[in-house]
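*Asks:* Sharing a structure below in structure tokens format, with a few things to ask.
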Amino acid sequence: MKFSPILVLWTLLSSALFAVAAPADNDRGNNDRERKSLKGMEREYKRNIRETLEKRDRRHKCNSQTVSIRREWGSMSKKDRLDYINAVECLTKKPSRSNRAEVPGARNRLDDFAAAHIQETNNIHFNGNLYAWHRHFIWTYEQALRNECGYTGSQPYWDWTLFAEDPRLSPVFDGSKYSMGGNGKVIPHGATLLKAFGKEFTLPPGTGGGCIEKGPFSKLTVNLGVNPVILPAAAAAAAAAKAPDNSTKNYESTMEVNAAGINPALQYNPRCLTRDINLFWSQQTRVADVEFLLGCTNVDCLEKRADGWEFGPEVPQPLIHAAGHFAVGGLQNDPFASPGDPIFYLHHGQFDRVWSIWQGQDLKNRVDQVGGTKTPFNVPPSDPVTPDDLLAFGAVARPVRHRDTHSTIDGGYCYMYD
């Protein structure tokens, strides 16, 4: 099992780079023997949450009778999956509520969510807002499905570990009418070049690369985000023949704006939804990878370990949050506009589940933990995150305090995972 260095040059055949990453295997192998199993941690989480809910008076807003249960996609009935799919498709037909002067490209409610993520990307990744912001974002999306499209179920999640060897075999991606749509059309292509968070890096090609052709969302129009820079297959092969450059290139992390002062990712850019399921990345979302993440004893570690910079951004180490995105590829390779693909919300449902399981091992001491600073990689150096910090969500929700996202069974929330 191999891990990738975070934000370094990737090419399909760069065996030298794999050798650089290899030592992380041994480190993690030693830790595996000292950790609880994932199944054990899942049971502990559910037991502790249920005990808390059972102790509550029935007049409490969130108790054992009122809690919503979020389920894994494959465990849902076909009817429940269709209900969810229909609600998402409904949302894509609802008119945008974004300010057209600020988000000229938004055409529907799904675009509003993509726009909010684009606007906040540099405030919510590789820092102390990662889990909190995305928890409220996914919850807000779930409420939109319910309140605007009549959905009566809960937000599902995609458990990466179940089909980590090949997600194409999963009920999530099998291309049936009960799936979240299939892989992209198979087209020859090379690596994808990305710029984000002050870094420039390259992702290897996967197994598709084109528009999704089977299942739900094959007709979906993606309106926001910039077109990716994808090398031709021949260029990728030529790059692989050269010694890999393991350094990262720094650049300004804020995307350039046009003369009107608008981020180009917020301009109107209609195109099909692409995917490029990548087995290298999916195989970094196995049970052992989740267990390694859950071995953290504080939330600062959890945030850094999830994105592979616990020991600094240049050290090879697992990065399960990014791996889940890159395993799907296509639009999911875009760290700004990725919510334009409905699979984003199942991926981040699982990511929120992982945080919930971690919190559930010690509710008293873990639920209200905060850590990290306010800038990606703490560059430039910034203040520590505090429970009173406000998190912004563009046109999809009012700002909320960090502390109000900490418990899934308090405040505005009332849900747990199956």
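Residue names in the structure tokens use chain letters A, B, ... in the order shown, residue numbers from 1 in each chain, and ligand numbers from 1 in the order shown.
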Within 8 Å of Val354 in chain A, counting only C-alpha atoms, which residues show up once you throw out same-chain ones fewer than 4 positions away? Write them as a list in words, please.
*Replies:*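 The neighbour list is Val290, Leu294, Gln350 and Trp358 of chain A.
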*Asks:* Among the residues of range 50-211 of chain A, find those DSSP assigns to alpha helix (DSSP H) from the backbone and print them as number ranges by chain.
*Replies:* A: 50-54, 78-91, 109-124, 130-149
*Asks:* Could you produce a table of the residues of range 337-415 of chain A lying within 10 Å of range 162-180 of chain A, with the nearest pair of atoms per residue and their separation in Å rounded to one decimal, using only C-alpha atoms, ordered by chain and increasing residue number, as a tab-separated table?
*Replies:*
```
residue	atom	partner	partner_atom	distance
A:Asp341	CA	A:Met180	CA	9.6
A:Pro342	CA	A:Met180	CA	7.6
A:Ile343	CA	A:Met180	CA	6.6
A:Leu346	CA	A:Val172	CA	9.2
```
*Asks:* Could you pull the residues within 10 Å of range 41-56 of chain A, counting only C-alpha atoms, minus those fewer than 5 positions along the same chain, as a list in words?
*Replies:*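 In the requested form, the answer reads Arg35, Lys36, Lys61, Cys62, Asn63, Ser64, Gln65, Thr66, Val67, Glu291, Leu294, Arg353, Val354, Ser356, Ile357, Trp358, Gln359, Gly360, Gln361, Asp362, Leu363, Thr408, Ile409, Tyr415, Met416, Tyr417 and Asp418 of chain A.
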*Asks:* Grab the residues selected above and save them as an mmCIF file, in the first residue's frame with C-alpha atoms.
*Replies:*
```
data_model
loop_
_atom_site.group_PDB
_atom_site.id
_atom_site.type_symbol
_atom_site.label_atom_id
_atom_site.label_comp_id
_atom_site.auth_asym_id
_atom_site.auth_seq_id
_atom_site.Cartn_x
_atom_site.Cartn_y
_atom_site.Cartn_z
ATOM 1 C CA ARG A 35 -5.204 1.403 17.156
ATOM 2 C CA LYS A 36 -8.774 0.294 17.639
ATOM 3 C CA LYS A 61 -35.745 18.976 20.344
ATOM 4 C CA CYS A 62 -33.296 16.180 19.571
ATOM 5 C CA ASN A 63 -33.894 12.858 21.305
ATOM 6 C CA SER A 64 -33.900 9.163 20.450
ATOM 7 C CA GLN A 65 -37.285 9.504 18.734
ATOM 8 C CA THR A 66 -36.559 12.580 16.644
ATOM 9 C CA VAL A 67 -32.956 12.012 15.547
ATOM 10 C CA GLU A 291 -8.237 4.013 11.068
ATOM 11 C CA LEU A 294 -9.047 8.291 13.577
ATOM 12 C CA ARG A 353 -19.223 10.826 9.496
ATOM 13 C CA VAL A 354 -15.517 10.283 10.130
ATOM 14 C CA SER A 356 -18.526 12.271 14.098
ATOM 15 C CA ILE A 357 -16.990 8.865 14.827
ATOM 16 C CA TRP A 358 -13.848 10.563 16.126
ATOM 17 C CA GLN A 359 -15.894 12.879 18.346
ATOM 18 C CA GLY A 360 -17.999 9.952 19.531
ATOM 19 C CA GLN A 361 -15.055 8.187 21.117
ATOM 20 C CA ASP A 362 -15.025 10.837 23.864
ATOM 21 C CA LEU A 363 -17.995 13.193 23.604
ATOM 22 C CA THR A 408 -24.724 16.817 15.366
ATOM 23 C CA ILE A 409 -27.393 16.397 18.081
ATOM 24 C CA TYR A 415 -28.785 13.610 13.112
ATOM 25 C CA MET A 416 -26.416 10.687 13.523
ATOM 26 C CA TYR A 417 -24.909 8.037 11.266
ATOM 27 C CA ASP A 418 -26.054 4.443 10.976
#
```
*Asks:* At a cut-off of 6 Å, can you tabulate as JSON lines every residue of range 30-134 of chain A near range 258-280 of chain A together with its closest atom pair and the distance in Å to one decimal, using only C-alpha atoms and ordering rows by chain then number?
*Replies:*
```
{"residue": "A:Val103", "atom": "CA", "partner": "A:Leu266", "partner_atom": "CA", "distance": 5.2}
{"residue": "A:Pro104", "atom": "CA", "partner": "A:Gln267", "partner_atom": "CA", "distance": 5.4}
{"residue": "A:Gly105", "atom": "CA", "partner": "A:Tyr268", "partner_atom": "CA", "distance": 3.5}
```
